[in-house]
Amino acid sequence: MTLKINLKPTDKLFFKKYPYKIDFNIVGASLIRAKGLEWAKEFAKDLKLKAPYYMREASQIDRMALSTFIQTIEPYLEKAEEFQTRTEINRFTYYSKDLQEIESLAKELDWCMSEVWGPQDQLELDFLLANKRKLLCDAIPYSKYRFKIILKSSVPVHSRTQFLTWANNYTEDDIKISRGTSSWLKSTRRYCQTPFFYLADEKMLTFASIFLSNNISTIQEYFPRHNVI
């Protein structure tokens, strides 16, 4: 794999599928998602068409720039899979399995391209493709935790209390619970969007997995980049 563009390092596959993503800043890009590609194309050319009333940035849209962007991105969108694109206000993101595709987009749309993410070499790419539950990192969290456990936000109160009681039998050398998660487990906080905690090793992972059972949403393992050989 020969890199022709500067890629920001990524720690995992996007959507557990795509190694690469590229971001573009283009006012009006959200119209592609909100109104569909054909409508957005027509809007970019027809001054009589008005943007939806809820678009605060409508007055800032450069229709010529938007038209150029759509013409360039359209062939890629026509063959795109579900969830291969994402739009957030003026940021349009395209995900890909193909580095050459990303390089072509970066070259064609360099005027509105902001950032590109992806594996730094073939070894990292192969690692991510083969280890979809592992996160590449420069250093593991707090230099001691190999695993991150994300809990379901629907864990019953009694299960939270029991788990916290169990966790309190160990020190931070074994387990570290985020402050917000700790409050949620104690029920002093009503809601926690992404409750999580760190574990030091596989032994603790086994204990926690048995204890929490179906209340675990995701298990992520950190893997230092320098170990990818």
# chains A, B, ... in the order shown; residues from 1 in each chain; ligands from 1

$ residues_around --residues "region 80-88 of chain A" --least-positions-apart "2" --cutoff "9 Å" --atoms "only C-alpha atoms" --output "PyMOL selection string"
chain A and resi 15+18+29-33+75-78+90-96

$ write_last_selection --atoms "C-alpha atoms" --output "PDB file, in the first residue's frame"
ATOM      1  CA  PHE A  15     -18.940   0.940  10.914  1.00  0.00           C
ATOM      2  CA  TYR A  18     -14.525   0.699   6.085  1.00  0.00           C
ATOM      3  CA  ALA A  29     -24.286  19.243   1.431  1.00  0.00           C
ATOM      4  CA  SER A  30     -27.014  18.348   3.931  1.00  0.00           C
ATOM      5  CA  LEU A  31     -29.554  18.780   1.098  1.00  0.00           C
ATOM      6  CA  ILE A  32     -28.334  15.489  -0.385  1.00  0.00           C
ATOM      7  CA  ARG A  33     -29.540  13.656   2.706  1.00  0.00           C
ATOM      8  CA  PRO A  75     -20.526   8.553  -9.502  1.00  0.00           C
ATOM      9  CA  TYR A  76     -19.307   7.449  -6.077  1.00  0.00           C
ATOM     10  CA  LEU A  77     -22.763   7.793  -4.516  1.00  0.00           C
ATOM     11  CA  GLU A  78     -24.407   5.772  -7.279  1.00  0.00           C
ATOM     12  CA  ASN A  90     -21.959  21.340   6.196  1.00  0.00           C
ATOM     13  CA  ARG A  91     -19.745  18.289   6.639  1.00  0.00           C
ATOM     14  CA  PHE A  92     -20.101  15.486   4.131  1.00  0.00           C
ATOM     15  CA  THR A  93     -18.268  12.242   4.943  1.00  0.00           C
ATOM     16  CA  TYR A  94     -17.575   9.387   2.571  1.00  0.00           C
ATOM     17  CA  TYR A  95     -16.339   5.983   3.804  1.00  0.00           C
ATOM     18  CA  SER A  96     -14.475   3.527   1.634  1.00  0.00           C
TER      19      SER A  96
END

$ select_by_dssp --residues "region 37-168 of chain A" --states "strand (DSSP E)" --output "list in words"
Thr85, Arg86, Thr87, Glu88, Arg91, Phe92, Thr93, Tyr94, Tyr95, Ser96, Met113, Ser114, Glu115, Val116, Trp117, Lys134, Leu135, Leu136, Cys137, Phe147, Lys148, Ile149, Ile150 and Leu151 of chain A

$ closest_atom_pairs --of "region 78-160 of chain A" --to "region 179-188 of chain A" --cutoff "9 Å" --atoms "only C-alpha atoms" --output "CSV"
residue,atom,partner,partner_atom,distance
A:Val157,CA,A:Ser187,CA,7.2
A:Ser159,CA,A:Leu185,CA,8.7
A:Arg160,CA,A:Leu185,CA,4.9

$ closest_residue --among "A:Gly118, A:Pro141, A:Pro195, A:Pro19" --to "Val155 (chain A)" --atoms "only C-alpha atoms"
A:Pro195

$ select_by_dssp --residues "region 11-211 of chain A" --states "helix (DSSP H, G or I)" --output "PyMOL selection string"
chain A and resi 30-35+37-45+58-60+63-78+99-108+122-130+141-143+157-167+179-185+202-211

$ closest_residue --among "A:Gln220, A:Ser213, A:Leu66, A:Thr10" --to "Lys152 (chain A)" --atoms "only C-alpha atoms"
A:Ser213

$ atom_distance --atom1 "CA of Tyr222 (chain A)" --atom2 "CA of Phe196 (chain A)"
14.4 Å

$ closest_atom_pairs --of "region 13-76 of chain A" --to "region 103-108 of chain A" --cutoff "8 Å" --atoms "only C-alpha atoms" --output "JSON lines"
{"residue": "A:Ile22", "atom": "CA", "partner": "A:Ala106", "partner_atom": "CA", "distance": 7.7}
{"residue": "A:Thr72", "atom": "CA", "partner": "A:Glu108", "partner_atom": "CA", "distance": 7.3}
{"residue": "A:Ile73", "atom": "CA", "partner": "A:Leu105", "partner_atom": "CA", "distance": 7.8}

$ write_last_selection --atoms "C-alpha atoms" --output "PDB file, in the first residue's frame"
ATOM      1  CA  ILE A  22     -12.746  11.475   3.932  1.00  0.00           C
ATOM      2  CA  THR A  72     -17.910  14.995  -8.731  1.00  0.00           C
ATOM      3  CA  ILE A  73     -19.313  12.893  -5.894  1.00  0.00           C
TER       4      ILE A  73
END
